[in-house]
$ cat structure_11.cif   # mmCIF, C-alpha atoms
data_upload
#
loop_
_atom_site.label_atom_id
_atom_site.label_comp_id
_atom_site.auth_asym_id
_atom_site.auth_seq_id
_atom_site.Cartn_x
_atom_site.Cartn_y
_atom_site.Cartn_z
CA MET R 1 0.80 -30.00 -35.97
CA ALA R 2 -1.58 -30.88 -33.16
CA SER R 3 1.19 -30.46 -30.59
CA GLU R 4 2.02 -27.00 -31.97
CA GLN R 5 -1.63 -26.01 -31.76
CA ALA R 6 -1.80 -27.28 -28.19
CA ALA R 7 1.29 -25.25 -27.27
CA ALA R 8 -0.21 -22.16 -28.86
CA ASP R 9 -3.45 -22.67 -26.92
CA ALA R 10 -1.49 -23.11 -23.68
CA MET R 11 0.43 -19.87 -24.28
CA SER R 12 -2.82 -18.10 -25.09
CA ASP R 13 -4.30 -19.31 -21.80
CA SER R 14 -1.20 -18.16 -19.91
CA TYR R 15 -1.74 -14.56 -21.02
CA ARG R 16 -5.49 -14.58 -21.02
CA GLY R 17 -5.39 -12.22 -18.03
CA MET R 18 -4.40 -9.24 -20.23
CA SER R 19 -7.96 -8.60 -21.33
CA SER R 20 -9.24 -5.14 -22.23
CA ASP R 21 -10.46 -4.67 -18.66
CA ASN R 22 -7.06 -5.66 -17.29
CA ILE R 23 -5.37 -3.15 -19.61
CA LYS R 24 -7.71 -0.40 -18.35
CA GLY R 25 -6.86 -1.40 -14.80
CA LEU R 26 -3.15 -1.36 -15.65
CA ILE R 27 -3.26 2.19 -17.06
CA LEU R 28 -5.29 3.47 -14.11
CA GLY R 29 -2.96 1.70 -11.66
CA LEU R 30 0.15 3.25 -13.20
CA SER R 31 -1.42 6.73 -13.08
CA SER R 32 -2.40 6.14 -9.48
CA SER R 33 1.15 5.19 -8.50
CA PHE R 34 2.55 8.38 -10.03
CA PHE R 35 0.20 10.66 -8.08
CA ILE R 36 0.55 8.72 -4.82
CA GLY R 37 4.34 8.61 -5.05
CA ALA R 38 4.49 12.37 -5.52
CA SER R 39 1.99 12.95 -2.71
CA PHE R 40 4.32 11.29 -0.17
CA ILE R 41 6.89 14.01 -0.75
CA VAL R 42 4.46 16.95 -0.78
CA LYS R 43 2.78 15.72 2.40
CA LYS R 44 6.16 15.18 4.07
CA LYS R 45 7.15 18.78 3.28
CA GLY R 46 3.84 19.93 4.73
CA LEU R 47 4.30 17.84 7.88
CA LYS R 48 7.80 19.24 8.42
CA LYS R 49 6.60 22.81 7.91
CA ALA R 50 3.65 22.30 10.28
CA GLY R 51 5.86 20.57 12.86
CA ALA R 52 8.18 23.56 12.97
CA SER R 53 5.41 25.78 14.32
CA GLY R 54 3.12 23.34 16.12
CA VAL R 55 2.77 19.86 17.61
CA ARG R 56 4.11 17.20 15.26
CA ALA R 57 1.84 14.44 13.93
CA GLY R 58 4.29 11.83 15.19
CA VAL R 59 3.54 12.79 18.80
CA GLY R 60 -0.21 13.19 18.37
CA GLY R 61 -0.49 16.71 16.92
CA TYR R 62 -2.83 17.81 14.14
CA SER R 63 -1.29 21.16 13.22
CA TYR R 64 -0.71 19.82 9.69
CA LEU R 65 -4.43 20.24 9.06
CA TYR R 66 -3.80 24.01 8.87
CA GLU R 67 -0.91 23.65 6.44
CA PRO R 68 -1.82 24.30 2.72
CA LEU R 69 1.17 22.27 1.50
CA TRP R 70 -0.08 19.20 3.35
CA TRP R 71 -3.51 19.64 1.78
CA THR R 72 -1.88 19.90 -1.66
CA GLY R 73 -0.26 16.55 -1.02
CA MET R 74 -3.54 15.18 0.28
CA ILE R 75 -5.40 16.28 -2.87
CA THR R 76 -2.67 14.70 -5.00
CA MET R 77 -3.07 11.47 -3.05
CA ILE R 78 -6.86 11.61 -3.44
CA VAL R 79 -6.47 11.90 -7.22
CA GLY R 80 -4.19 8.87 -7.12
CA GLU R 81 -6.62 6.96 -4.91
CA ILE R 82 -9.51 7.73 -7.26
CA ALA R 83 -7.50 6.29 -10.14
CA ASN R 84 -6.63 3.33 -7.92
CA PHE R 85 -10.30 2.93 -6.99
CA ALA R 86 -11.24 2.80 -10.67
CA ALA R 87 -8.44 0.32 -11.40
CA TYR R 88 -9.84 -2.18 -8.89
CA ALA R 89 -13.21 -2.03 -10.63
CA PHE R 90 -11.62 -3.31 -13.86
CA ALA R 91 -8.76 -5.60 -12.78
CA PRO R 92 -8.03 -8.12 -10.00
CA ALA R 93 -6.20 -6.90 -6.89
CA ILE R 94 -3.26 -9.19 -7.60
CA LEU R 95 -2.60 -7.10 -10.75
CA VAL R 96 -3.36 -3.60 -9.45
CA THR R 97 -1.74 -3.70 -6.01
CA PRO R 98 1.84 -4.60 -7.05
CA LEU R 99 1.87 -1.57 -9.38
CA GLY R 100 2.44 0.46 -6.23
CA ALA R 101 6.12 -0.34 -6.77
CA LEU R 102 6.19 2.64 -9.12
CA SER R 103 5.15 4.91 -6.26
CA ILE R 104 8.20 3.68 -4.32
CA ILE R 105 10.48 4.68 -7.17
CA ILE R 106 8.85 8.09 -7.57
CA SER R 107 8.89 8.86 -3.85
CA ALA R 108 12.50 7.68 -3.45
CA VAL R 109 13.73 9.78 -6.37
CA LEU R 110 11.76 12.87 -5.32
CA ALA R 111 12.92 12.43 -1.71
CA HIS R 112 16.49 12.42 -3.01
CA VAL R 113 15.95 15.58 -5.09
CA ILE R 114 13.55 17.60 -2.93
CA LEU R 115 14.03 16.38 0.66
CA ARG R 116 17.74 15.64 0.18
CA GLU R 117 17.30 12.11 1.53
CA LYS R 118 20.18 10.04 0.20
CA LEU R 119 19.56 7.34 -2.43
CA HIS R 120 22.40 4.81 -2.69
CA ILE R 121 23.44 3.45 -6.09
CA PHE R 122 22.07 0.05 -5.05
CA GLY R 123 18.79 1.79 -4.28
CA ILE R 124 18.53 2.46 -8.00
CA LEU R 125 19.02 -1.26 -8.58
CA GLY R 126 16.24 -1.87 -6.06
CA CYS R 127 13.95 0.39 -8.08
CA ALA R 128 14.78 -1.60 -11.22
CA LEU R 129 13.96 -4.87 -9.45
CA CYS R 130 10.59 -3.43 -8.40
CA VAL R 131 9.80 -2.62 -12.03
CA VAL R 132 10.85 -6.09 -13.26
CA GLY R 133 8.81 -7.82 -10.57
CA SER R 134 5.74 -5.71 -11.25
CA THR R 135 6.00 -6.40 -14.98
CA THR R 136 6.19 -10.14 -14.33
CA ILE R 137 3.05 -10.06 -12.21
CA VAL R 138 1.15 -7.90 -14.72
CA LEU R 139 1.90 -10.28 -17.59
CA HIS R 140 0.65 -13.30 -15.64
CA ALA R 141 -2.24 -11.78 -13.71
CA PRO R 142 -5.56 -13.66 -13.64
CA GLN R 143 -8.55 -12.49 -15.63
CA GLU R 144 -11.11 -10.49 -13.67
CA ARG R 145 -13.99 -12.53 -12.22
CA GLU R 146 -17.33 -11.90 -13.93
CA ILE R 147 -19.67 -10.40 -11.30
CA GLU R 148 -23.21 -9.26 -12.06
CA SER R 149 -24.34 -7.98 -8.65
CA VAL R 150 -22.87 -6.58 -5.46
CA LYS R 151 -24.69 -9.42 -3.71
CA GLU R 152 -22.21 -11.83 -5.29
CA VAL R 153 -19.35 -9.86 -3.71
CA TRP R 154 -21.18 -9.91 -0.37
CA ASP R 155 -21.51 -13.69 -0.60
CA LEU R 156 -17.75 -13.93 -1.17
CA ALA R 157 -17.05 -11.60 1.77
CA THR R 158 -19.22 -13.61 4.14
CA GLU R 159 -17.71 -17.00 3.41
CA PRO R 160 -16.06 -18.56 6.52
CA ALA R 161 -12.48 -18.23 5.26
CA PHE R 162 -12.67 -14.47 4.68
CA VAL R 163 -14.73 -13.84 7.83
CA PHE R 164 -11.95 -15.54 9.79
CA TYR R 165 -9.30 -13.42 8.05
CA ALA R 166 -11.22 -10.17 8.70
CA ALA R 167 -11.77 -11.06 12.37
CA LEU R 168 -8.07 -11.88 12.77
CA VAL R 169 -7.06 -8.55 11.19
CA ILE R 170 -9.41 -6.56 13.44
CA ALA R 171 -8.10 -8.36 16.55
CA ILE R 172 -4.43 -7.73 15.64
CA VAL R 173 -5.07 -4.05 14.76
CA THR R 174 -6.88 -3.52 18.07
CA VAL R 175 -3.94 -4.94 20.03
CA LEU R 176 -1.44 -2.87 18.02
CA ILE R 177 -3.34 0.42 18.46
CA PHE R 178 -4.07 0.13 22.17
CA HIS R 179 -0.97 -1.70 23.40
CA TYR R 180 2.06 -1.54 21.09
CA VAL R 181 1.69 1.80 19.27
CA PRO R 182 1.65 3.95 22.47
CA GLN R 183 4.81 2.22 23.75
CA TYR R 184 6.85 1.55 20.61
CA GLY R 185 5.33 3.61 17.79
CA GLN R 186 7.97 6.35 18.02
CA THR R 187 10.93 3.97 17.82
CA HIS R 188 9.76 1.00 15.73
CA ILE R 189 8.33 1.61 12.27
CA TRP R 190 6.61 -1.77 12.06
CA PHE R 191 3.71 -0.83 14.34
CA TYR R 192 2.50 2.25 12.45
CA ILE R 193 2.96 0.48 9.11
CA GLY R 194 1.43 -2.72 10.46
CA VAL R 195 -1.81 -0.93 11.30
CA CYS R 196 -1.89 0.77 7.88
CA SER R 197 -1.23 -2.46 6.01
CA LEU R 198 -3.64 -4.70 7.90
CA VAL R 199 -6.48 -2.18 7.67
CA GLY R 200 -5.48 -1.51 4.06
CA SER R 201 -6.02 -5.13 3.05
CA LEU R 202 -9.64 -4.89 4.19
CA SER R 203 -10.12 -1.48 2.58
CA VAL R 204 -8.93 -2.77 -0.81
CA MET R 205 -11.48 -5.60 -0.73
CA SER R 206 -14.21 -3.09 0.14
CA VAL R 207 -12.97 -0.61 -2.48
CA LYS R 208 -13.09 -3.34 -5.10
CA ALA R 209 -16.64 -4.28 -4.05
CA LEU R 210 -17.74 -0.64 -4.14
CA GLY R 211 -16.00 -0.09 -7.49
CA ILE R 212 -17.79 -3.07 -8.99
CA ALA R 213 -21.11 -1.77 -7.64
CA LEU R 214 -20.56 1.66 -9.21
CA LYS R 215 -19.39 0.17 -12.51
CA LEU R 216 -22.53 -1.99 -12.69
CA THR R 217 -24.71 1.00 -11.74
CA LEU R 218 -23.21 3.14 -14.51
CA SER R 219 -23.82 0.31 -16.97
CA GLY R 220 -27.54 0.32 -16.15
CA MET R 221 -27.80 -2.20 -13.31
CA ASN R 222 -28.47 -0.08 -10.22
CA GLN R 223 -26.59 -1.46 -7.20
CA LEU R 224 -27.24 1.51 -4.91
CA ILE R 225 -30.57 0.00 -3.86
CA TYR R 226 -28.78 -2.84 -2.07
CA PRO R 227 -27.72 -2.30 1.58
CA GLN R 228 -24.52 -4.28 0.94
CA THR R 229 -23.23 -1.42 -1.24
CA TRP R 230 -23.52 1.03 1.63
CA VAL R 231 -21.94 -1.39 4.10
CA PHE R 232 -18.90 -1.64 1.83
CA ALA R 233 -18.86 2.18 1.56
CA MET R 234 -18.81 2.54 5.37
CA VAL R 235 -15.98 0.02 5.67
CA VAL R 236 -13.98 1.96 3.07
CA LEU R 237 -14.51 5.24 4.96
CA VAL R 238 -13.43 3.82 8.34
CA CYS R 239 -10.42 2.00 6.89
CA VAL R 240 -9.17 4.96 4.84
CA LEU R 241 -9.38 7.35 7.81
CA THR R 242 -7.44 4.88 9.96
CA GLN R 243 -4.79 4.39 7.28
CA MET R 244 -4.41 8.15 6.76
CA ASN R 245 -3.94 8.77 10.48
CA TYR R 246 -1.23 6.16 11.03
CA LEU R 247 0.50 6.79 7.71
CA ASN R 248 0.84 10.45 8.69
CA LYS R 249 2.43 9.38 11.98
CA ALA R 250 4.86 7.09 10.16
CA LEU R 251 5.83 9.76 7.61
CA ASP R 252 6.37 12.36 10.31
CA THR R 253 8.49 10.03 12.46
CA PHE R 254 10.58 8.05 9.98
CA ASN R 255 12.47 8.63 6.74
CA THR R 256 10.27 8.66 3.62
CA ALA R 257 12.62 6.35 1.70
CA VAL R 258 12.16 3.78 4.48
CA VAL R 259 8.42 4.23 5.06
CA SER R 260 7.44 3.84 1.40
CA PRO R 261 9.04 0.44 0.65
CA ILE R 262 8.10 -1.16 3.97
CA TYR R 263 4.52 0.03 3.65
CA TYR R 264 4.42 -1.25 0.08
CA VAL R 265 5.73 -4.72 0.98
CA MET R 266 3.41 -5.24 3.94
CA PHE R 267 0.36 -3.71 2.26
CA THR R 268 0.82 -5.62 -0.99
CA SER R 269 1.48 -8.94 0.74
CA LEU R 270 -1.62 -8.69 2.91
CA THR R 271 -3.79 -7.44 0.04
CA ILE R 272 -2.78 -10.39 -2.15
CA VAL R 273 -3.57 -12.77 0.72
CA ALA R 274 -6.97 -11.12 1.25
CA SER R 275 -7.77 -11.19 -2.48
CA VAL R 276 -6.78 -14.83 -2.84
CA ILE R 277 -9.04 -15.71 0.11
CA MET R 278 -12.03 -13.58 -0.86
CA PHE R 279 -12.04 -13.54 -4.67
CA LYS R 280 -10.21 -16.87 -5.11
CA ASP R 281 -7.91 -15.41 -7.77
CA TRP R 282 -5.71 -18.50 -7.93
CA ASP R 283 -8.65 -20.80 -8.65
CA ARG R 284 -8.65 -19.42 -12.21
CA GLN R 285 -4.93 -20.00 -12.79
CA ASN R 286 -2.60 -22.91 -13.37
CA LEU R 287 0.45 -23.71 -11.24
CA THR R 288 2.88 -22.10 -13.70
CA GLN R 289 1.08 -18.76 -13.55
CA ILE R 290 0.91 -18.82 -9.76
CA VAL R 291 4.60 -19.65 -9.39
CA THR R 292 5.54 -16.93 -11.91
CA GLU R 293 3.48 -14.37 -10.00
CA MET R 294 5.18 -15.36 -6.75
CA CYS R 295 8.60 -15.06 -8.41
CA GLY R 296 7.63 -11.57 -9.57
CA PHE R 297 6.50 -10.68 -6.07
CA VAL R 298 9.74 -11.99 -4.54
CA THR R 299 11.63 -9.84 -7.06
CA ILE R 300 9.68 -6.81 -5.83
CA LEU R 301 10.42 -7.76 -2.22
CA SER R 302 14.12 -7.98 -3.10
CA GLY R 303 14.00 -4.52 -4.64
CA THR R 304 12.27 -2.95 -1.65
CA PHE R 305 14.64 -4.73 0.76
CA LEU R 306 17.59 -3.39 -1.21
CA LEU R 307 16.14 0.13 -1.07
CA HIS R 308 15.70 -0.24 2.67
CA LYS R 309 19.17 -1.61 3.43
CA THR R 310 21.05 0.79 1.17
CA LYS R 311 19.19 3.66 2.81
CA ASP R 312 20.67 2.49 6.13
CA MET R 313 24.12 2.33 4.51
CA ALA R 314 23.74 5.87 3.22
CA ASP R 315 22.64 7.28 6.56
CA GLY R 316 25.04 5.17 8.61
CA CYS R 317 22.44 3.97 11.10
CA VAL R 318 19.78 1.33 11.60
CA LEU R 319 16.23 2.50 10.85
CA SER R 320 16.91 5.96 12.19
CA ARG R 321 14.02 7.81 13.77
CA LEU R 322 13.53 11.47 12.95
CA PRO R 323 14.08 13.04 16.40
CA LYS R 324 13.73 16.63 15.24
CA HIS R 325 13.21 18.84 12.19
CA ASP R 326 16.25 21.08 12.51
CA ASN R 327 18.00 19.50 9.54
CA GLU R 328 16.38 19.40 6.11
CA ASP R 329 16.77 15.64 5.85
CA GLY R 330 15.13 15.23 9.23
CA PHE R 331 18.02 13.56 11.07
CA GLY R 332 19.68 14.84 14.20
CA GLU R 333 23.28 15.91 14.06
CA GLU R 334 24.36 13.24 16.51
CA GLY R 335 23.30 10.41 14.16
CA ILE R 336 22.91 8.00 17.09
CA PRO R 337 21.55 4.58 16.05
CA LEU R 338 18.12 3.69 17.43
CA LYS R 339 19.32 0.83 19.61
CA ARG R 340 21.87 3.03 21.27
CA GLN R 341 19.22 5.65 21.99
CA ASP R 342 17.11 3.00 23.74
CA THR R 343 20.10 1.96 25.78
CA LEU R 344 20.81 5.55 26.84
CA ARG R 345 17.18 6.05 27.86
CA ALA R 346 17.26 2.86 29.92
CA THR R 347 20.33 4.07 31.81
#

$ encode --input "structure_11.cif" --output "structure tokens"
Amino acid sequence: MASEQAAADAMSDSYRGMSSDNIKGLILGLSSSFFIGASFIVKKKGLKKAGASGVRAGVGGYSYLYEPLWWTGMITMIVGEIANFAAYAFAPAILVTPLGALSIIISAVLAHVILREKLHIFGILGCALCVVGSTTIVLHAPQEREIESVKEVWDLATEPAFVFYAALVIAIVTVLIFHYVPQYGQTHIWFYIGVCSLVGSLSVMSVKALGIALKLTLSGMNQLIYPQTWVFAMVVLVCVLTQMNYLNKALDTFNTAVVSPIYYVMFTSLTIVASVIMFKDWDRQNLTQIVTEMCGFVTILSGTFLLHKTKDMADGCVLSRLPKHDNEDGFGEEGIPLKRQDTLRAT
């Protein structure tokens, strides 16, 4: 009888993370993914329309700012980000961030229907794997840390481990922006997405801190009087503007069905690392929960990898760049693989 009670207590502890706050974060995260996934497609349509009559974003143009369709997509994304912002105030990042897998599915399906970007049958299997992996992580996510002041978040952010991580991210982003992006940004997707993902990991930590501050303020404990709240707000602003700029370049240059999964994998991986370092999520979990979460994350990675590789199979090339906008799917008629294009340029 005692052993049965112990087993029941152990199972209860395993799923302790699904508290009422975590459920609120889950609902907000799912809503966010729907809006963000749809915004990718609307913004892509706007970028293509703007690029047809002006300088494309992929080569440094900003004509999309005068395109109403792009702004519609931007507003849709803002709605999704607001829901995402609220989700981080209620649930840990390791629960909220992987829910972005749903945005991959939505953007891939809508890209297939609206942009006529091909989705291979195994891409559908990749979408299913993303859902399974996300579900696994949600069911084993840690309970949200109890925080009573934004000063507590500031103390976590200024601990040596996270300061080192933040400094490393800033150094890498600086090198990417000023050295690699100008040379390779148009032909290698990793540099645009790398900047977005690295900066994004810092923005999520700041968004969570700001969300906690606003939640506490609305509950009667004013956090707006603390300078730390405004520092986090400034970090969020700078990071979001940087992400928006380089994500636009990636969307305008590469296929949406390739951009979305790669961005998701890199962004989620780095955000989980940042959250584990700053908020010490794994300190409140046992080994079984941690291993299960990692298995769920690997399942998501497998799904996004499958989406990526089957997209190449469908298009018959390796990470094709969008050289022009003449065709609706954004690919040139010659269909020359990227490596061959580099070789031709060199000769």

$ atom_distance --input "structure_11.cif" --atom1 "atom CA of Met244 of chain R" --atom2 "atom CA of Ile272 of chain R"
20.6 Å

$ atom_distance --input "structure_11.cif" --atom1 "atom CA of Ile27 of chain R" --atom2 "atom CA of Asn222 of chain R"
26.2 Å

$ residues_around --input "structure_11.cif" --residues "Glu146 of chain R" --least-positions-apart "5" --cutoff "12 Å" --atoms "all atoms listed in the file" --output "list in words"
Asp21, Ala89, Phe90, Ala91, Pro92, Glu152, Val153, Ile212, Leu216, Phe279, Asp281 and Arg284 of chain R

$ write_last_selection --input "structure_11.cif" --atoms "C-alpha atoms" --output "PDB file, in the coordinates of the input"
ATOM      1  CA  ASP R  21     -10.460  -4.670 -18.660  1.00  0.00           C
ATOM      2  CA  ALA R  89     -13.210  -2.030 -10.630  1.00  0.00           C
ATOM      3  CA  PHE R  90     -11.620  -3.310 -13.860  1.00  0.00           C
ATOM      4  CA  ALA R  91      -8.760  -5.600 -12.780  1.00  0.00           C
ATOM      5  CA  PRO R  92      -8.030  -8.120 -10.000  1.00  0.00           C
ATOM      6  CA  GLU R 152     -22.210 -11.830  -5.290  1.00  0.00           C
ATOM      7  CA  VAL R 153     -19.350  -9.860  -3.710  1.00  0.00           C
ATOM      8  CA  ILE R 212     -17.790  -3.070  -8.990  1.00  0.00           C
ATOM      9  CA  LEU R 216     -22.530  -1.990 -12.690  1.00  0.00           C
ATOM     10  CA  PHE R 279     -12.040 -13.540  -4.670  1.00  0.00           C
ATOM     11  CA  ASP R 281      -7.910 -15.410  -7.770  1.00  0.00           C
ATOM     12  CA  ARG R 284      -8.650 -19.420 -12.210  1.00  0.00           C
TER      13      ARG R 284
END

$ resolve_selection --input "structure_11.cif" --expression "the PyMOL selection byres ((chain R and resi 141) around 12)" --output "ChimeraX atom specification"
/R:13-19,21-23,25-26,91-99,134-140,142-145,272,281-282,284-286,288-294,296-297

$ closest_residue --input "structure_11.cif" --among "R:Asn84, R:Gly303, R:Ala274, R:Glu67" --to "Ala52 of chain R" --atoms "all atoms listed in the file"
R:Glu67

$ resolve_selection --input "structure_11.cif" --expression "the PyMOL selection byres ((chain R and resi 305) around 10)" --output "MDAnalysis selection string"
chainID R and resid 123 126 258 261:262 265 299:304 306:311

$ closest_residue --input "structure_11.cif" --among "R:Phe191, R:Met205, R:Tyr62, R:Tyr264" --to "Asn245 of chain R" --atoms "all atoms listed in the file"
R:Tyr62

$ atom_distance --input "structure_11.cif" --atom1 "atom CA of Leu210 of chain R" --atom2 "atom CA of Pro227 of chain R"
11.6 Å

$ resolve_selection --input "structure_11.cif" --expression "the PyMOL selection byres ((chain R and resi 161-171) around 12)" --output "VMD selection string"
chain R and resid 153 to 160 172 to 179 194 to 203 205 to 206 235 239 270 to 271 273 to 280

$ residues_near_point --input "structure_11.cif" --point "(0.0, 19.0, -6.1)" --cutoff "8 Å" --atoms "all atoms listed in the file" --output "count of residues only"
6
